[in-house]
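J.: For reference, the structure I am asking about is given below.
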Amino acid sequence: MTDFRVGEKDFLLDGRPVRLLSGALHYFRVHEEHWEHRLAMLRAMGLNCVETYVPWNLHEPRPGEYEDVAALGRFLDAARRAGLRAIVRPGPYICAEWENGGLPHWLTGELGTRARTRDERFMEHLERWFGVLLPQVVDRQIDRGGPVIMVQAENEYGSYGSDEEYLRGLAELLRARGVTVPLVTSDGPEDHMLSGGSIPGVLATVNFGSHAREAFETLRRHQPEGPLMCMEFWCGWFDHWGGEHITRDAQDAAAALREILQTGASVNVYMAHGGTNFAGWAGANRPGGELHTGPLEADVTSYDYDAPIDEFGNPTDKFWRFREVLAAYTDGPLPEPPPAPARLAAEAEVRLTGWTPLDAVLESRGGQEVAAPVPPTFEELDVDRGVVRYEVTVPGPRPAYPLTARGLRDLAVVYVDGERAGVLTEGDEQLAKPVAGHARVELWVESLGRVNYGPRSGETKGITGGLLHERQYLHGVRARGLRLDALDDIGDVDFQPLGQDGAPGLYRGTATVHGAGDARLELPGWTRGFVWVNGFDLGRYWTAGPQRSLYVPGPVLREGDNEVWLLELEEAAPQAVRLRSV
């Protein structure tokens with residue numbers, strides 16, 4: 001039986017010192033048919049281990065309802081076949097630039113800041129979830145012939161809270177559910193983070209992008225013995241809508257990696273391969289300085305991360321520089337990168353054939369309409385990712401006054417008596433043109449992603465502070481939500497002939513493909529929305545940039561005709577939508 005342990009100075013595999021050369025690759029951000037290729041790329045870069053988070057909200061969309069929890073087990077089996085060990089980080093909170101940091105919307109909607117504490121209701125939900133999830137891990141531990149050598153308890157907890165009793169209870173829960181491999185925590189290399197996020201008897205690791213020696217010196221003040229490990233070596237970074245594309249010089253990143261290894265530490269390259277935030281699962285941040293309470297910045301659909309293996313699975317200059325560094329710490333020659341997956345052989349145009357307005361989509365695929373004195377939140381309407389239509393009447397007669405969506409999260413397209421009147425955002429909640437009564441007002445509110453890091457994580461979405469006409473609250477609000485997953489199948493949606501005005505709504509089209517393979521979808525003239533190809537949600541597009549196209553995994557496409565659906569939420573000047581090779 002293989003045994004993996006934490007020694008006084010090193011990790012020990014069957015009693016022999018071993019260094020973990022790991023890379024982050026999230027199974028939920030990569031199409032399953034590409035797992036084998038991406039794992040082989042990790043091996044070719046010189047890694048001997050793969051790390052993955054587990055997003056609770058992806059697998060338990062509603063309390064007690066589970067979706068494909070076995071995907072984690074299949075991924076771990078693939079890692080074993082690839083010759084890689086595995087580190088599993090099940091949270092319950094993961095950050096990961098993922099919607100709500102991986103916590104279900106229904107959970108934080110109910111508990112607010114009681115989540116991630118010893119609160120009894122939170123722990124009841126967590127125990128139920130771990131009872132379903134952990135068999136996928138326990139049965140694949142290294143002492144049972146599997147690849148799993150380490151499990152992380154929570155994630156960067158010292159950046160959020162200080163409930164040591166909760167952390168101890170979480171570690172005890174993992175042990176009680178059968179986890180026998182070493183447990184670890186991970187936090188930033190700062191005293192308050194390490195003191196808040198680490199507990200006795202559990203190995204602490206640190207996360208950083210540079211200055212390894214200083215980081216490990218800080219760790220040693222809190223943990224004098226045990227192996228050193230950088231659980232997240234940030235070799236790149238992520239992008240926000242409306243921001244600049246962020247990159248890190250490959251030579252600089254390789255030098256930082258070399259410094260980590262020269263200290264004798266183990267490392268997990270974050271990200272080795274980032275992948276894609278399919279289906280609107282991208283999170284959001286509120287950077288705003290040290291307190292992370294500033295304006296919302298939504299994460300883009302691509303999670304390329306400027307990683308050594310790019311979003312399409314290609315080796316970058318950073319890959320080859322990392323491979324040179326890692327080769328000095330591996331036994332024998334490294335394998336060559338595997339052949340790239342098939343790529344689209346010929347450009348294909350999407351021929352749009354029909355359209356239906358947003359109201360019709362909501363009527364056929366939305367949830368039940370709710371009447372309430374004040375606007376209900378997304379959480380109250382059970383909308384995780386998607387939009388909510390709020391309707392309210394401005395009574396009259398009365399003169400024109402400002403209309404304000406107080407506490408708006410995150411973006412609203414406003415219609416007055418059926419005519420488009422403007423777009424509101426969190427930073428600009430008041431409609432530019434005053435509204436006179438009597439009038440019917442609709443606000444189509446979209447969540448751009450729940451905060452995944454900091455004290456504002458878990459915040460509600462929608463119109464959270466009421467609708468104001470001048471200083472008067474407007475009561476009697478009707479609301480109806482549309483979840484994105486309700487559009488994975490649109491068989492019962494009635495389409496009408498395509499119009500010419502580019503109105504918001506659901507567009508339907510067909511692309512004829514010859515030589516299916518990995519592709520990019522380009523959408524010139526479209527403003528903001530989501531795209532499905534053969535029922536697979538590619539994620540959000542937005543002219544705000546910096547992302548200009550969406551990745552289409554080759555396995556999603558098929559030879560011949562492919563169905564394409566575009567949910568445009570603002571307005572479009574429809575031009576040719578094209579599939580092009582990556």
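We label chains A, B, ... in the order they appear in the structure tokens, count residues from 1 in each chain, and number ligands from 1 in the order shown.
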Just want the 7 Å neighbourhood of stretch 443-449 of chain A, counted on only C-alpha atoms, with same-chain residues fewer than 5 positions away dropped. Output as a list in words.
T.: Glu99, Ala282, Gly283, Ala284, Ala298, Arg385, Gly386, Val387, Val388, Arg389, Tyr390, Glu391, Arg409, Asp410, Leu411, Ala412, Val413, Val414, Tyr415, Lys461 and Gly462 of chain A
J.: Run DSSP on the backbone and grab whatever in stretch 167-239 of chain A lands in alpha helix (DSSP H); send it over as a VMD selection string.
T.: chain A and resid 167 to 176 191 to 197 212 to 222
J.: Among the residues of stretch 222-266 of chain A, find those DSSP assigns to strand (DSSP E) from the backbone and print them as a VMD selection string.
T.: chain A and resid 229 to 234 266
J.: Find the spatial neighbours of A:Asp428, counting only C-alpha atoms, within a cut-off of 10 Å - ignore same-chain residues fewer than 6 positions away - and output them as a list of chain:residue names.
T.: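 So, after excluding close chain neighbours, the residues are A:Thr404, A:Ala405, A:Arg406, A:Leu408, A:Leu411.
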J.: Identify, on the basis of only C-alpha atoms, every residue whose closest approach to stretch 305-320 of chain A does not exceed 9 Å; exclude the query and any residue fewer than 6 positions from it along the same chain; express the result as a ChimeraX atom specification.
T.: /A:30,34,37-38,41-42,45,235-239,246-251,253-254,269-276,337,340-341,518-519,551,553,582
J.: Keeping C-alpha atoms for every residue in the selection just given, could you write it to a file as a PDB file, in the first residue's frame?
T.:
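Everything below was put into out-v6.pdb:
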ATOM      1  CA  VAL A  30     -12.189  22.035 -19.658  1.00  0.00           C
ATOM      2  CA  HIS A  34      -9.977  17.346 -23.711  1.00  0.00           C
ATOM      3  CA  HIS A  37      -4.752  16.078 -23.756  1.00  0.00           C
ATOM      4  CA  ARG A  38      -4.434  18.758 -21.076  1.00  0.00           C
ATOM      5  CA  MET A  41       0.519  18.619 -21.476  1.00  0.00           C
ATOM      6  CA  LEU A  42       1.137  18.928 -17.732  1.00  0.00           C
ATOM      7  CA  MET A  45       5.881  20.537 -18.937  1.00  0.00           C
ATOM      8  CA  CYS A 235       2.257  32.733 -13.033  1.00  0.00           C
ATOM      9  CA  GLY A 236      -0.328  34.945 -14.769  1.00  0.00           C
ATOM     10  CA  TRP A 237      -3.617  36.650 -13.938  1.00  0.00           C
ATOM     11  CA  PHE A 238      -7.260  36.936 -15.011  1.00  0.00           C
ATOM     12  CA  ASP A 239      -9.120  39.636 -16.950  1.00  0.00           C
ATOM     13  CA  ILE A 246      -3.203  41.080 -18.407  1.00  0.00           C
ATOM     14  CA  THR A 247      -0.013  39.163 -19.138  1.00  0.00           C
ATOM     15  CA  ARG A 248       3.171  38.304 -17.263  1.00  0.00           C
ATOM     16  CA  ASP A 249       6.556  38.110 -18.892  1.00  0.00           C
ATOM     17  CA  ALA A 250       7.534  34.461 -19.385  1.00  0.00           C
ATOM     18  CA  GLN A 251      11.157  34.966 -18.349  1.00  0.00           C
ATOM     19  CA  ALA A 253       7.634  34.001 -14.273  1.00  0.00           C
ATOM     20  CA  ALA A 254      10.242  31.304 -14.913  1.00  0.00           C
ATOM     21  CA  VAL A 269       1.533  26.351 -10.706  1.00  0.00           C
ATOM     22  CA  TYR A 270      -1.672  28.400 -10.753  1.00  0.00           C
ATOM     23  CA  MET A 271      -2.835  28.108 -13.462  1.00  0.00           C
ATOM     24  CA  ALA A 272      -0.988  25.500 -15.508  1.00  0.00           C
ATOM     25  CA  HIS A 273      -3.986  25.550 -17.836  1.00  0.00           C
ATOM     26  CA  GLY A 274      -6.852  27.912 -17.063  1.00  0.00           C
ATOM     27  CA  GLY A 275      -9.567  26.878 -19.489  1.00  0.00           C
ATOM     28  CA  THR A 276     -12.911  28.651 -19.871  1.00  0.00           C
ATOM     29  CA  PRO A 337       3.809  17.438 -25.798  1.00  0.00           C
ATOM     30  CA  ALA A 340      -3.001  19.031 -30.506  1.00  0.00           C
ATOM     31  CA  PRO A 341      -6.718  18.168 -30.677  1.00  0.00           C
ATOM     32  CA  ASP A 518     -11.636  23.517 -31.865  1.00  0.00           C
ATOM     33  CA  ALA A 519     -12.878  26.914 -33.015  1.00  0.00           C
ATOM     34  CA  TYR A 551     -13.864  29.433 -27.491  1.00  0.00           C
ATOM     35  CA  PRO A 553     -14.425  23.137 -27.932  1.00  0.00           C
ATOM     36  CA  VAL A 582      -8.153  28.567 -33.150  1.00  0.00           C
TER      37      VAL A 582
END
